[in-house]
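Data first, discussion second: the structure below is written as structure tokens.
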Amino acid sequence: MASSFRDPDGCLVTFDNRVLRFVHQSGAANLSAFLASETARKAIDSRTLVSTTLLDQHTAAVTIKRQPDSEAEIVSIVEHDRISFPSFPYEWTPAMLAAAGDLTLDLAESCLDEGLGLKDATPYNILFRDSKPVFVDLLSFEQRNPTDPVWLPYAQFVRTFLLPLLAIKHMGLRMDQIFLTRRDGLEPEEVYRLFSLGKRLRSPLLSLVTLPTWLSFGSKSTNNSVYQRRVVSSEQARFVLSSLFRRLRQQLHKATPGDKKTSHWSGYMKTIEDSFPGYVKEKESFVREALEEFKPRRLLDVGCNDGYFSRLAAQYGAQVVAIDQDPEVVDTLWQQSRIEDLKILPLVIDLTRPTPGVGWRNAEHESFLDRARGSFDAVLMIAVIHHLLVTERIPLGQIFEMASELTSDLLIAEFVPTNDPMFQRLSRGRDHLFHSLTADSFRQACERRFRIIRAQQLGETQRWIYLLRK
Amino acid sequence: MGFSPQLSTPNVILLLYTDPGTGSLVWQLLLASIIGGAFYARQITRRIKERLAGSKKVEPACDLVQHTDSQSAE
């Protein structure tokens with residue numbers, strides 16, 4: 001199925017592991033104009049826009065013949081660089097959404113001077129390459145009239161970037177609560193109802209929520225005069241738009257979460273090192289040896305916490321996707337990954353309740369597991385299996401079955417025994433449920449699906465770490 | 001609708017792609033006319049200033065022209 005089917009100007013198709021965009025007659029002129037622009041050139045160079053090549057006529061013709069399903073006439077095909085792990089707003093942290101918003105505003109404004117503009121402003125235009133946002137929907141760019149002082153995607157930008165950030169900051173909502181069920185973000189009227197009069201009359205809600213809500217009260221009648229084109233001088237239009245973008249940027253930065261909050265899991269690594277000296281060092285050198293020997297290229301760190309082992313893997317040249325169900329620790333890891341330019345993409349994902357296929361036919365945005373299967377040659381499950389066993393009651397055999405789907409080669413798994421203090425803290429008196437969990441039964445479960453390459457007891461604990469291969 | 005410094009072209013309906021949100025669009029148009037009005041006012045004051053300063057600026061402009069000529073002669 002083609003994704004991005006909503007756009008009449010073209011659609012995106014993945015084909016033989018390549019990402020191709022079929023361009024229809026209506027979109028061809030806009031796309032060529034944009035690709036020829038200075039904005040596009042600079043953005044491709046700085047890797048904030050996905051790099052794009054036009055397929056030659058012959059190859060294009062052959063490819064089109066293999067796609068009989070098109071409703072509109074395809075006039076050209078462009079190929080995009082593949083983003084190795086697509087991710088969606090419901091898996092990001094608020095700060096990542098804000099970074100995507102910043103990129104959207106930058107591109108929207110910088111192409112104005114070349115007679116181009118952005119026709120939509122949604123986070124689905126953007127994917128993350130490691131920690132950096134990349135704009136991928138090239139058909140969002142169009143030629144525009146320089147005398148037009150109105151940026152039509154303004155409302156969509158407010159709905160999909162600003163209002164969700166405000167709802168998260170002030171109401172404690174989560175990204176997945178907003179974006180899993182709502183494709184086009186939050187309406188001002190919905191956010192209006194969440195706040196008291198006092199807050200509604202203050203900035204930023206006054207201009208983003210309250211006034212648009214009040215101004216829409218009279219519009220139940222079909223009065224189309226508001227949709228007429230306004231025309232002013234191009235300097236005046238440019239001035240108005242500059243001021244609009246400046247205000248949007250300020251509002252975006254104010255809505256972005258500020259100081260780091262601590263969560264239950266924030267100080268975890270330090271606590272562990274304090275409780276069990278030597279344990280972390282031994283674990284680290286075990287993982288280092290494995291990375292040194294096998295040099296995995298694409299690694300998934302399950303339950304990454306602060307990304308201690310993700311960083312280690314990235315040091316050894318792996319491209320890492322790091323997942324954790326706690327948005328705070330994922331955010332910390334993302335900030336660091338961005339500042340240090342690490343090859344780590346952190347996402348908020350609970351492996352026991354991973355993001356499903358979303359959208360039309362549950363196929364518009366692939367589920368996490370569909371994206372992950374076959375994408376990694378190594379998976380880390382360090383200090384996480386006992387959580388899956390105790391808190392989520394996933395049977396051990398199924399955990400290893402999942403692991404063997406996710407990795408194409410290696411798995412590093414840590415065994416935490418039932419008498420371990422962390423295990424005890426989780427099980428809280430439900431020990432009788434885990435009487436069959438022993439070092440031997442764990443080992444057997446490993447061997448059912450993997451070969452054990454190395455195993456090591458960790459420090460003075462009775463934890464074991466295993467290097468496994470399919 | 002009374003947005004004064006601007007001309008609206010009747011019967012040219014905007015080609016919409018995203019939902020521009022009626023309330024948000026009205027608000028944006030209001031803001032655009034206020035800011036556009038401020039720009040218009042600034043243009044006028046700037047032209048007035050230029051007019052006033054224009055009469056004093058004749059000589060330096062001539063010097064500039066002579067200087068450039070002598071440079072190109074070298």
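Note on naming: chains are A, B, ... as they come in the structure tokens, residues start from 1 per chain, ligands start from 1 in the order shown.
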
Check the DSSP output for the backbone and give back, as a count of residues only, the residues of range 25-168 of chain A in helix (DSSP H, G or I). 72

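For chain A, the residues having at least one atom no farther than 6 Å from chain B, when counting only C-alpha atoms, are Leu152, Ala155, Pro212, Thr213, Leu215, Ser216, Tyr227, Gln228, Arg229, Arg230, Val231, Val232 and Val240 of chain A.
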
Find the residues around Asn30 in chain A up to 8 Å (only C-alpha atoms counted), leave out those fewer than 2 positions away in its own chain, and share them as a VMD selection string. chain A and resid 27 to 28 32 to 34 139 141 to 143

Writer output for current selection, C-alpha atoms, as a PDB file, in the first residue's frame:
```
ATOM      1  CA  GLY A  27       2.956  18.071  -8.393  1.00  0.00           C
ATOM      2  CA  ALA A  28       5.750  17.930 -10.955  1.00  0.00           C
ATOM      3  CA  SER A  32      11.241  20.648  -9.735  1.00  0.00           C
ATOM      4  CA  ALA A  33      11.060  24.259  -8.602  1.00  0.00           C
ATOM      5  CA  PHE A  34      11.769  23.219  -5.042  1.00  0.00           C
ATOM      6  CA  LEU A 139       5.727  17.325  -2.015  1.00  0.00           C
ATOM      7  CA  PHE A 141       6.697  22.424  -0.957  1.00  0.00           C
ATOM      8  CA  GLU A 142       4.904  24.485  -3.563  1.00  0.00           C
ATOM      9  CA  GLN A 143       5.322  27.655  -5.538  1.00  0.00           C
TER      10      GLN A 143
END
```
